[in-house]
Structures are given as C-alpha cells and as structure tokens.
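Visitor: File target.txt below, compact mmCIF, C-alpha atoms and all ligand atoms:
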```txt
# COMPACT_ATOMS: atom_id res chain seq x y z
CA MET A 1 42.82 -68.18 188.57
CA HIS A 2 39.47 -66.43 188.30
CA SER A 3 37.40 -66.18 191.50
CA PRO A 4 34.39 -64.37 193.03
CA GLU A 5 36.85 -61.86 194.52
CA HIS A 6 37.95 -60.96 190.99
CA GLU A 7 34.36 -60.22 190.11
CA GLU A 8 33.93 -58.03 193.16
CA ARG A 9 37.07 -56.21 192.08
CA CYS A 10 35.48 -55.78 188.65
CA LEU A 11 32.47 -54.15 190.31
CA LEU A 12 34.65 -51.67 192.21
CA TYR A 13 36.80 -51.04 189.14
CA GLU A 14 33.80 -50.28 186.97
CA ALA A 15 32.26 -48.09 189.69
CA GLY A 16 35.46 -46.07 189.96
CA GLU A 17 35.90 -47.05 193.59
CA LEU A 18 39.50 -48.30 193.43
CA THR A 19 42.47 -46.14 194.33
CA GLU A 20 44.85 -45.26 191.53
CA ALA A 21 47.29 -47.96 192.64
CA GLU A 22 44.56 -50.61 192.95
CA ARG A 23 43.24 -49.58 189.59
CA SER A 24 46.47 -50.05 187.72
CA ALA A 25 47.11 -53.36 189.47
CA PHE A 26 43.65 -54.54 188.50
CA ALA A 27 44.09 -53.40 184.89
CA GLY A 28 46.97 -55.90 184.65
CA ALA A 29 44.85 -58.69 186.11
CA LEU A 30 42.02 -57.82 183.76
CA ALA A 31 44.27 -58.12 180.71
CA ALA A 32 45.26 -61.58 181.86
CA CYS A 33 41.81 -62.96 182.78
CA ALA A 34 39.13 -63.56 180.15
CA ASP A 35 36.51 -64.35 182.83
CA CYS A 36 37.09 -60.96 184.43
CA ARG A 37 36.64 -59.29 181.03
CA ASP A 38 33.42 -61.24 180.56
CA PHE A 39 32.12 -60.19 183.94
CA LEU A 40 33.03 -56.57 183.26
CA ALA A 41 31.09 -56.79 180.00
CA SER A 42 28.12 -58.15 181.97
CA ILE A 43 28.21 -55.19 184.35
CA GLU A 44 28.19 -52.80 181.41
CA ALA A 45 25.33 -54.74 179.83
CA CYS A 46 23.37 -54.35 183.08
CA HIS A 47 23.82 -50.58 182.95
CA ARG A 48 22.71 -50.38 179.34
CA PHE A 49 19.76 -52.58 180.01
CA CYS A 50 18.58 -50.73 183.10
CA ASP A 51 19.02 -47.37 181.39
CA ALA A 52 16.56 -48.59 178.77
CA ALA A 53 14.21 -50.20 181.26
CA GLY A 54 12.89 -47.33 183.35
CA ILE A 55 9.28 -46.75 184.24
CA ALA A 56 8.37 -43.07 184.22
CA PRO A 57 5.81 -41.67 186.63
CA ASP A 58 2.63 -40.68 184.80
CA ALA A 59 1.83 -37.04 184.21
CA ALA A 60 -0.90 -36.90 186.87
CA LEU A 61 1.46 -38.20 189.53
CA ASP A 62 4.10 -35.65 188.61
CA ALA A 63 1.45 -32.93 188.67
CA ARG A 64 0.38 -34.06 192.15
CA THR A 65 3.99 -33.99 193.28
CA LEU A 66 4.77 -30.70 191.62
CA GLU A 67 1.87 -28.97 193.30
CA GLY A 68 4.35 -28.56 196.11
CA THR A 69 6.94 -26.42 194.36
CA PRO A 70 8.83 -24.89 197.25
CA CYS A 71 10.06 -21.33 197.58
CA ARG A 72 12.69 -19.62 199.66
CA ARG A 73 10.18 -18.82 202.36
CA HIS A 74 9.43 -22.50 202.86
CA LEU A 75 13.04 -23.58 202.74
CA SER A 76 14.18 -20.97 205.24
CA ASP A 77 12.46 -22.92 208.01
CA GLY A 78 13.02 -26.29 206.41
CA GLY A 79 9.29 -26.70 206.03
CA ARG A 80 9.20 -27.41 209.74
CA GLY A 81 7.94 -24.11 211.13
CA ARG A 82 5.21 -24.46 213.71
CA SER A 83 3.48 -21.15 213.26
CA GLY A 84 0.65 -22.78 211.30
CA SER A 85 0.58 -25.37 208.55
CA ALA A 86 2.70 -25.22 205.44
CA LEU A 87 -0.50 -24.40 203.61
CA ASP A 88 -1.07 -21.40 205.82
CA ARG A 89 2.50 -20.25 205.41
CA ALA A 90 2.42 -20.38 201.61
CA PRO A 91 1.82 -16.96 200.06
CA ALA A 92 -1.51 -16.47 198.31
CA GLY A 93 -1.62 -18.02 194.89
CA GLU A 94 1.39 -20.23 195.54
CA PRO A 95 0.99 -23.93 194.84
CA ARG A 96 0.50 -26.25 197.77
CA PRO A 97 2.87 -29.01 198.82
CA PRO A 98 1.95 -32.49 197.64
CA ARG A 99 -0.13 -34.53 200.07
CA PRO A 100 0.01 -38.27 200.13
CA ARG A 101 -3.29 -40.02 200.73
CA VAL A 102 -4.39 -39.87 204.36
CA SER A 103 -4.99 -43.30 205.87
CA PRO A 104 -8.57 -44.19 206.86
CA ARG A 105 -7.42 -44.32 210.46
CA ALA A 106 -5.99 -40.81 210.20
CA ALA A 107 -9.23 -39.57 208.63
CA VAL A 108 -11.32 -41.08 211.44
CA GLY A 109 -8.82 -39.82 213.98
CA LEU A 110 -8.93 -36.35 212.52
CA THR A 111 -12.71 -36.26 212.75
CA LEU A 112 -12.47 -37.41 216.36
CA ALA A 113 -9.75 -34.87 217.06
CA PHE A 114 -11.83 -31.99 215.81
CA SER A 115 -14.94 -33.26 217.58
CA PHE A 116 -12.89 -33.46 220.74
CA ALA A 117 -11.60 -29.93 220.16
CA ALA A 118 -15.15 -28.66 219.63
CA VAL A 119 -16.41 -30.30 222.84
CA LEU A 120 -13.42 -28.93 224.70
CA ALA A 121 -14.05 -25.44 223.36
CA VAL A 122 -17.72 -25.56 224.41
CA PHE A 123 -16.70 -26.75 227.85
CA LEU A 124 -14.06 -24.07 228.26
CA ILE A 125 -16.10 -21.10 227.10
CA ARG A 126 -19.44 -21.94 228.70
CA PRO A 127 -20.43 -19.55 231.46
CA SER A 128 -19.86 -21.26 234.76
CA SER A 129 -21.23 -20.46 238.15
CA GLU A 130 -18.41 -22.39 239.77
CA PRO A 131 -15.52 -20.40 241.17
CA LYS A 132 -12.40 -20.92 239.04
CA ASP A 133 -10.16 -22.11 241.83
CA LEU A 134 -12.09 -25.22 242.74
CA GLU A 135 -9.83 -28.09 243.61
CA TRP A 136 -10.96 -30.30 240.70
CA SER A 137 -9.67 -27.74 238.19
CA ASN A 138 -6.09 -28.10 239.40
CA GLY A 139 -3.85 -29.10 236.46
CA LEU A 140 -6.64 -28.58 233.94
CA ASP A 141 -4.90 -25.74 232.11
CA GLU A 142 -1.81 -27.88 231.68
CA LYS A 143 -3.77 -30.83 230.31
CA VAL A 144 -5.78 -28.61 227.98
CA ALA A 145 -2.55 -27.06 226.73
CA ALA A 146 -1.06 -30.54 226.12
CA ALA A 147 -4.13 -31.64 224.18
CA GLY A 148 -4.04 -28.38 222.25
CA GLU A 149 -0.42 -28.99 221.31
CA GLU A 150 -1.22 -32.47 220.06
CA LEU A 151 -4.03 -31.06 217.96
CA GLU A 152 -1.68 -28.47 216.54
CA ASP A 153 0.84 -31.21 215.69
CA ILE A 154 -1.80 -33.18 213.82
CA SER A 155 -2.97 -30.10 211.98
CA TRP A 156 0.62 -29.33 210.99
CA SER A 157 1.30 -32.89 209.87
CA LEU A 158 -1.80 -32.94 207.72
CA GLY A 159 -0.90 -29.53 206.35
CA VAL A 160 2.50 -30.63 205.12
CA GLY A 161 1.23 -34.04 204.07
CA ALA A 162 3.31 -36.01 206.56
CA ASP A 163 3.11 -39.76 206.14
CA SER A 164 0.25 -41.58 207.73
CA GLY A 165 2.55 -43.31 210.24
CA ASP A 166 3.52 -39.94 211.74
CA ILE A 167 -0.11 -38.90 211.84
CA ASP A 168 -1.08 -42.18 213.51
CA ARG A 169 1.56 -41.62 216.18
CA GLU A 170 0.30 -38.09 216.80
CA LEU A 171 -3.25 -39.41 217.08
CA ASP A 172 -2.01 -41.83 219.73
CA ASP A 173 -0.48 -38.88 221.60
CA LEU A 174 -3.75 -37.02 221.32
CA GLU A 175 -5.63 -40.01 222.73
CA GLY A 176 -3.17 -40.01 225.63
CA ALA A 177 -3.74 -36.31 226.24
CA ALA A 178 -7.51 -36.83 226.09
CA ARG A 179 -7.30 -39.67 228.63
CA GLN A 180 -5.36 -37.42 231.00
CA LEU A 181 -7.90 -34.68 230.55
CA ARG A 182 -10.75 -37.06 231.29
CA GLY A 183 -8.91 -38.01 234.44
CA VAL A 184 -8.90 -34.39 235.56
CA LEU A 185 -12.51 -33.75 234.58
CA MET B 1 17.32 -42.09 181.13
CA LYS B 2 20.53 -40.29 181.97
CA GLU B 3 20.80 -36.63 180.97
CA GLU B 4 23.24 -36.05 178.17
CA GLY B 5 26.44 -34.33 179.18
CA VAL B 6 25.74 -33.25 182.76
CA PRO B 7 26.68 -35.69 185.52
CA LEU B 8 23.62 -36.22 187.69
CA ASP B 9 25.39 -35.30 190.91
CA ASP B 10 26.43 -31.93 189.46
CA LEU B 11 22.93 -31.39 188.18
CA GLY B 12 21.49 -32.24 191.60
CA GLU B 13 23.76 -29.77 193.36
CA LYS B 14 22.86 -27.00 190.93
CA LEU B 15 19.18 -27.66 191.41
CA VAL B 16 19.51 -27.65 195.20
CA GLU B 17 21.34 -24.35 195.00
CA ARG B 18 18.65 -22.86 192.77
CA ALA B 19 15.87 -24.13 195.05
CA ARG B 20 17.56 -22.64 198.09
CA SER B 21 17.97 -19.30 196.38
CA GLY B 22 14.23 -19.19 195.82
CA ASP B 23 13.92 -20.32 192.19
CA PRO B 24 10.41 -21.80 192.02
CA GLU B 25 11.29 -23.81 188.91
CA ALA B 26 14.17 -25.62 190.59
CA PHE B 27 12.03 -28.21 192.37
CA LYS B 28 10.13 -28.93 189.17
CA ASP B 29 13.40 -29.45 187.33
CA MET B 30 14.55 -31.73 190.11
CA VAL B 31 11.41 -33.87 189.82
CA ARG B 32 11.71 -33.94 186.04
CA SER B 33 15.40 -34.88 186.09
CA PHE B 34 15.39 -37.48 188.84
CA GLY B 35 11.73 -38.56 188.81
CA PRO B 36 11.97 -41.37 186.23
CA ARG B 37 14.90 -43.04 187.99
CA LEU B 38 13.27 -42.60 191.36
CA PHE B 39 9.98 -44.01 190.14
CA SER B 40 11.69 -46.99 188.52
CA TYR B 41 13.49 -47.63 191.78
CA LEU B 42 10.26 -47.51 193.79
CA ALA B 43 8.40 -49.59 191.21
CA GLY B 44 11.04 -52.27 191.54
CA ARG B 45 11.06 -52.05 195.29
CA LEU B 46 7.43 -51.88 196.38
CA LYS B 47 4.62 -54.34 196.05
CA SER B 48 1.99 -52.38 194.20
CA ARG B 49 1.71 -49.53 191.80
CA GLU B 50 -0.32 -47.52 194.29
CA ALA B 51 2.40 -47.97 196.90
CA ALA B 52 5.05 -46.83 194.40
CA GLU B 53 3.00 -43.75 193.53
CA ASP B 54 2.36 -42.80 197.15
CA ALA B 55 6.00 -43.36 198.02
CA TYR B 56 7.07 -41.23 195.06
CA ALA B 57 5.06 -38.26 196.32
CA GLU B 58 6.26 -38.88 199.87
CA VAL B 59 9.94 -39.04 198.88
CA TRP B 60 9.67 -35.69 197.10
CA MET B 61 7.92 -34.24 200.11
CA ARG B 62 10.79 -35.40 202.32
CA VAL B 63 13.30 -33.99 199.85
CA TRP B 64 11.50 -30.69 199.89
CA LYS B 65 11.46 -30.63 203.68
CA GLY B 66 15.11 -31.66 203.85
CA LEU B 67 16.52 -29.24 201.29
CA ALA B 68 17.19 -26.54 203.86
CA SER B 69 19.39 -28.86 205.90
CA TYR B 70 20.91 -30.77 202.95
CA GLN B 71 24.71 -30.61 202.98
CA SER B 72 26.10 -29.85 199.55
CA LEU B 73 28.77 -32.50 199.14
CA GLY B 74 28.03 -33.34 195.53
CA LYS B 75 25.88 -36.24 196.64
CA PHE B 76 22.36 -35.22 195.83
CA GLN B 77 21.42 -38.45 194.08
CA PRO B 78 22.70 -40.75 196.85
CA TRP B 79 20.84 -38.56 199.34
CA LEU B 80 17.63 -38.80 197.32
CA PHE B 81 17.85 -42.56 196.96
CA THR B 82 18.79 -43.09 200.58
CA ILE B 83 15.55 -41.31 201.49
CA ALA B 84 13.71 -43.58 199.04
CA HIS B 85 15.47 -46.66 200.40
CA ARG B 86 14.53 -45.87 204.00
CA LEU B 87 10.97 -45.05 203.13
CA SER B 88 10.55 -48.25 201.14
CA LEU B 89 11.94 -50.27 204.04
CA ASP B 90 9.40 -48.63 206.37
CA LEU B 91 6.57 -49.23 203.94
CA LEU B 92 7.47 -52.87 203.35
CA GLU B 93 7.78 -53.45 207.06
CA ARG B 94 4.42 -51.81 207.71
CA GLU B 95 2.87 -53.82 204.89
CA ALA B 96 4.28 -57.06 206.27
CA GLY B 97 2.76 -56.18 209.66
CA ARG B 98 -0.62 -55.51 208.07
CA ALA B 99 -0.49 -58.70 205.99
CA SER B 100 0.14 -60.76 209.09
CA VAL B 101 -3.02 -59.49 210.82
CA SER B 102 -5.29 -59.21 207.78
CA ILE B 103 -7.32 -62.30 207.03
CA ASP B 104 -9.65 -60.91 204.41
CA ALA B 105 -7.55 -58.48 202.40
CA ALA B 106 -9.04 -57.63 199.02
CA PRO B 107 -7.19 -59.15 196.09
CA ASP B 108 -4.98 -56.51 194.51
CA GLU B 109 -1.89 -56.02 192.41
CA GLU B 110 0.36 -57.66 194.94
CA GLY B 111 -0.27 -61.10 193.51
CA LEU B 112 0.84 -59.99 190.05
CA PRO B 113 4.36 -60.25 188.76
CA LEU B 114 6.13 -56.87 188.76
CA SER B 115 6.01 -56.57 184.99
CA GLU B 116 2.22 -57.02 184.89
CA ARG B 117 1.46 -54.16 187.23
CA TRP B 118 2.03 -51.77 184.31
CA PRO B 119 -0.16 -53.23 181.60
CA SER B 120 1.10 -52.67 178.07
CA GLY B 121 -2.25 -51.29 176.92
CA GLU B 122 -1.93 -48.17 179.07
CA PRO B 123 -1.83 -44.93 177.14
CA GLY B 124 0.22 -41.83 177.81
CA PRO B 125 3.79 -40.84 178.51
CA GLU B 126 4.22 -43.53 181.13
CA ARG B 127 3.99 -46.15 178.44
CA GLU B 128 6.19 -44.21 176.04
CA ALA B 129 8.97 -44.03 178.58
CA MET B 130 8.81 -47.50 179.97
CA GLY B 131 11.10 -49.46 177.69
CA ARG B 132 8.61 -52.21 178.18
CA GLN B 133 10.50 -55.18 176.88
CA ALA B 134 13.56 -54.27 178.91
CA TRP B 135 11.48 -53.57 182.00
CA GLU B 136 9.80 -56.96 181.73
CA LYS B 137 13.16 -58.63 181.69
CA VAL B 138 14.59 -56.56 184.51
CA SER B 139 11.50 -57.04 186.64
CA ALA B 140 11.56 -60.79 186.07
CA VAL B 141 15.11 -60.78 187.36
CA LEU B 142 14.22 -58.52 190.29
CA GLU B 143 11.38 -60.84 191.18
CA SER B 144 13.72 -63.80 191.33
CA LEU B 145 16.32 -62.11 193.51
CA PRO B 146 16.42 -62.35 197.29
CA GLU B 147 15.36 -59.09 198.95
CA GLU B 148 18.87 -57.89 199.84
CA GLN B 149 20.23 -58.51 196.36
CA ARG B 150 17.30 -56.69 194.86
CA GLN B 151 17.95 -53.70 197.14
CA VAL B 152 21.61 -53.50 196.15
CA PHE B 153 20.86 -53.91 192.46
CA LEU B 154 18.22 -51.16 192.47
CA LEU B 155 20.34 -48.75 194.50
CA ARG B 156 23.25 -49.29 192.13
CA GLU B 157 21.46 -49.41 188.78
CA PHE B 158 18.65 -46.91 189.32
CA GLY B 159 19.95 -44.92 192.27
CA GLY B 160 23.50 -44.68 190.97
CA LEU B 161 24.95 -45.10 194.47
CA SER B 162 28.54 -46.21 194.90
CA PHE B 163 29.09 -49.52 196.69
CA ALA B 164 30.43 -47.64 199.71
CA GLU B 165 27.20 -45.62 199.78
CA ILE B 166 25.08 -48.74 199.35
CA ALA B 167 26.90 -50.44 202.23
CA ALA B 168 26.28 -47.38 204.40
CA ALA B 169 22.60 -47.15 203.42
CA MET B 170 22.07 -50.86 204.07
CA ASP B 171 24.23 -50.88 207.15
CA CYS B 172 26.31 -53.83 205.91
CA PRO B 173 30.01 -54.39 205.14
CA LEU B 174 31.25 -53.34 201.70
CA GLY B 175 32.06 -56.97 200.88
CA THR B 176 28.46 -57.96 201.54
CA ALA B 177 27.13 -55.26 199.22
CA LEU B 178 29.58 -56.40 196.52
CA ALA B 179 28.67 -60.06 196.90
CA ARG B 180 24.96 -59.25 196.61
CA MET B 181 25.53 -57.21 193.48
CA ARG B 182 27.70 -59.91 191.99
CA TYR B 183 24.90 -62.45 192.31
CA ALA B 184 22.40 -60.01 190.83
CA VAL B 185 24.65 -59.31 187.82
CA LEU B 186 25.17 -63.02 187.23
CA LYS B 187 21.43 -63.59 187.41
CA LEU B 188 20.70 -60.80 184.96
CA ARG B 189 23.40 -62.06 182.62
CA GLN B 190 21.77 -65.47 182.67
CA GLU B 191 18.35 -63.96 181.92
CA LEU B 192 19.70 -61.75 179.17
CA GLU B 193 21.29 -64.57 177.25
CA GLY B 194 19.42 -64.81 174.01
CA PHE B 195 17.45 -61.63 174.72
CA HIS B 196 17.92 -58.64 172.44
CA ALA B 197 16.30 -55.42 173.63
ZN ZN A 201 39.44 -63.07 186.87
```
Take the structure in the file and give it back as structure tokens.
Ligand SMILES: [Zn+2]
Guide:
Amino acid sequence: MHSPEHEERCLLYEAGELTEAERSAFAGALAACADCRDFLASIEACHRFCDAAGIAPDAALDARTLEGTPCRRHLSDGGRGRSGSALDRAPAGEPRPPRPRVSPRAAVGLTLAFSFAAVLAVFLIRPSSEPKDLEWSNGLDEKVAAAGEELEDISWSLGVGADSGDIDRELDDLEGAARQLRGVL
Amino acid sequence: MKEEGVPLDDLGEKLVERARSGDPEAFKDMVRSFGPRLFSYLAGRLKSREAAEDAYAEVWMRVWKGLASYQSLGKFQPWLFTIAHRLSLDLLEREAGRASVSIDAAPDEEGLPLSERWPSGEPGPEREAMGRQAWEKVSAVLESLPEEQRQVFLLREFGGLSFAEIAAAMDCPLGTALARMRYAVLKLRQELEGFHA
C-alpha cells in the first residue's frame, strides 16, 4: 500500500541517491504502485517548471559582480593576503573585486576610524619636550600597534568588499583598542 | 536554464581549474553559467530584491575568495549553493533582529508577494529570462511553504543539491530533508493543477 515513505523513496530514486540494489528493488515497487508513478511524475513536473521559472540577474548586477574577475595572483593567497587591500594588490589596469554596499554604520565607523588615525598620527609625530621614558607612556606602543592593526583590518575588509557584519565587528574591535589607548593616555 | 550537454558539476570543476590557472575569463564564465540559478535561489530565499542583489554580489565575492582553498571533488555547485544558503541564513537572521528593534521602518518591498517584487513592466534581459508566468506560480508556492520546506525546495530545484547534501547543509537528518521536500512537491502539484506554463 502506498505511503509517505514510498514518496520519499521516489525522491531518492529520481535524485539518483539509491544504491544499485535499492534501485532495482524500488523499480519493482514502482511498477506495482500507480500512486508512486504519479508522485514521480510530479517530481519531474517540478523540475521542468523550475527550469522555466528562473529569474536572471540584470546586466548591471552582473557587471558589478564581474568587476572582480580574479587572476592567479589573487588566488595564490586566497584573496586573504594582508600586505595591503585586494585593490592595492591588483595589477594596474586589472578590474577590481565587487564591493557590496557598505552599511551606514560602517561608513560612519570608517570616518571615525580615519579621524582617530589622523589624531593619533598628530599626537605621535608632534615634537615633545617630554622625555620618552615617562611612566605614563608605558604600554603605549603596544596599544598603538593594536589600534593600528584594527585599522589595517578594516581597510582590508573594505578593500575586498567584506560583508558589513565583518566590518561592524572590526569597528567594535577598533573601539575597544581606542578605549584601551585612552586609558593609557 | 541548464546548459545543454555539459553536467553543471563538470562545468564547475573546469571553470575552477581555469580560474586557478590564471584564466581571467573563467570567473566571468562561472558567473554567466551559474548566475541565473544562484539569483533565482536568492530571489526565492530573501525578502527583498535589494537583499537578493547584495547577496548575489557577496556570494560571488566569497566564491572568489574561496577558490584557492576549494577542494575539487566534482561538487562545485553544491559548494556554491551552500555558501548562498549560509549567507541567506545570516542575512535573514540579521534582518529579523533589525525588524524586532525597528519601530519606524520605511515601507519597502518586504510587504509584497515574491512575484510582485519583479514587476512585469521591467525592460531588459532580466525580464526576458524570467519565465514570468512560471515564476509567479513557483513564488506563490514558495510563499505558502514553511521556511524549512522552502529552503529544501530551493536547494534541490535551483541549487541542484542531492538530499544528502541538503541534509548536511541544513544540519538535519536525511529523512527530515526528504519529508520537507515531499510536502513541497505535493504543494506545487496542487498549485499546478489546471496551470499550463
Ligand atoms: Zn507507492
């Protein structure tokens, strides 16, 4: 008697996911059960229908995506190299990788990040009359380096068009590094 | 939308090989060959056209970044759609989080039925390729399916994954994936009765 299990068997049979022995056993059951044959016909109708029902991406979207045609040089480091952004690594004249839209938060964060970097740079390069080994400067180099690394991460993520969630997380890390730095200063 | 003659998995492997050997056209061919299926999948999965478009670009970016470490086991298409599946889960989850805190979100496409997010008056190749009548029917069915059934149906019909691969991607037993697909097929059969594409 026909059952839901028969129909699940039909799905596996049609998908080619039965072993040879299971397949021949099921072929016998199929010949004997009209409901199974009906269900199999429905599966095939689904395929035909969905094959006809696709939505193609529009040309502009494909162009945006295809801007990122990769080359061997990119693939050799899996697009994950840290010696600059993917944009920097691309040879001159080579198309850039596609970049999804940056979230408003990431855009604001980026502005803050670069402002922070600029303030930090001014602070670090200004001539100072204080001797360098004052106690308050202990650990400063480390904190500056940590903040610098976070900035580099964000720059890399934006360069390769990482998703906005990753960028948000890196901005959080940067905020953490900035808080630590403020603690030292 | 299937290429004539060449099984998609073989095609995917060849394209990966070409991309790895430095052929700059390989990635374009990959997008051209798999793009329509991928976009259909994302269109059926996500809640707005903008989300589907952003996810489309993001999936290809992840593919590009992952090509160097991709293991050639003749499973390019399942790999591609597993990336798309995971990304769409993340996006839907993020969206659900946003919706729960947003009290004054601007009205957008999300309130529209799937089929109406791609108005029939739109010009260009998108419209040419859309098989509109069929898409309307399929999207009406997708709309009526519970989330898990919709996922299985899309991964099977547009992603071409085997049921074993779907079960792995969805982290569920094979029997569960089969039961979900069975319901989806029955639902589509019911909708298709009397409809001639
Ligand atoms: Zn039966």
Visitor: Could you pull out the residues sitting within 8 Å of ligand ZN 201 (chain A), using all atoms listed in the file, and write them as a compact mmCIF listing (two decimals) with C-alpha atoms, in the coordinates of the input?
Guide:
```
# COMPACT_ATOMS: atom_id res chain seq x y z
CA MET A 1 42.82 -68.18 188.57
CA HIS A 2 39.47 -66.43 188.30
CA SER A 3 37.40 -66.18 191.50
CA HIS A 6 37.95 -60.96 190.99
CA GLU A 7 34.36 -60.22 190.11
CA ALA A 29 44.85 -58.69 186.11
CA LEU A 30 42.02 -57.82 183.76
CA ALA A 32 45.26 -61.58 181.86
CA CYS A 33 41.81 -62.96 182.78
CA ALA A 34 39.13 -63.56 180.15
CA ASP A 35 36.51 -64.35 182.83
CA CYS A 36 37.09 -60.96 184.43
CA ARG A 37 36.64 -59.29 181.03
```
Visitor: By how many Å are atom CA of B:Glu17 and atom CA of B:Gln77 apart?
Guide: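 Result for atom CA of B:Glu17 versus atom CA of B:Gln77: 14.1 Å, one decimal.
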Visitor: Just how far from atom CA of A:Ile43 is atom CA of B:Met181, in Å to one decimal?
Guide: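 A separation of 9.7 Å between them.
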Visitor: Please provide the set of residues having any atom within 6 Å of stretch 153-161 of chain B, restricted to only C-alpha atoms, with same-chain residues fewer than 5 positions apart removed, written as a PyMOL selection string.
Guide: chain B and resi 37+41+78+81+181
Visitor: Counting only C-alpha atoms, figure out which residue out of A:Ala25, A:Ala31, A:Leu61, A:Leu40 gets nearest to A:Leu11.
Guide: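 Of all the options, A:Leu40 lies closest to A:Leu11.
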Visitor: Calculate how many Å separate atom CA of B:Gly12 from atom CA of B:Leu92, rounding to one decimal.
Guide: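 Atom CA of B:Gly12 sits 27.6 Å away from atom CA of B:Leu92.
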Visitor: Which one is closest to chain A: B:Gly44, B:Pro146, B:Gly74, B:Gly97? Count all atoms listed in the file.
Guide: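 Among the listed residues, the smallest separation from chain A belongs to B:Gly44.
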Visitor: Calculated over all atoms listed in the file, which of the candidates B:Ile166, B:Val59, B:Leu87, B:Ala68 has the smallest distance to chain A?
Guide: B:Ala68
Visitor: When you look at A:Glu22 with a cut-off of 12 Å (counting all atoms listed in the file), what residues show up, excluding the ones that are within fewer than 4 positions of it in the same chain? I need them as a VMD selection string.
Guide: chain A and resid 9 to 10 12 to 13 16 to 18 26 to 30
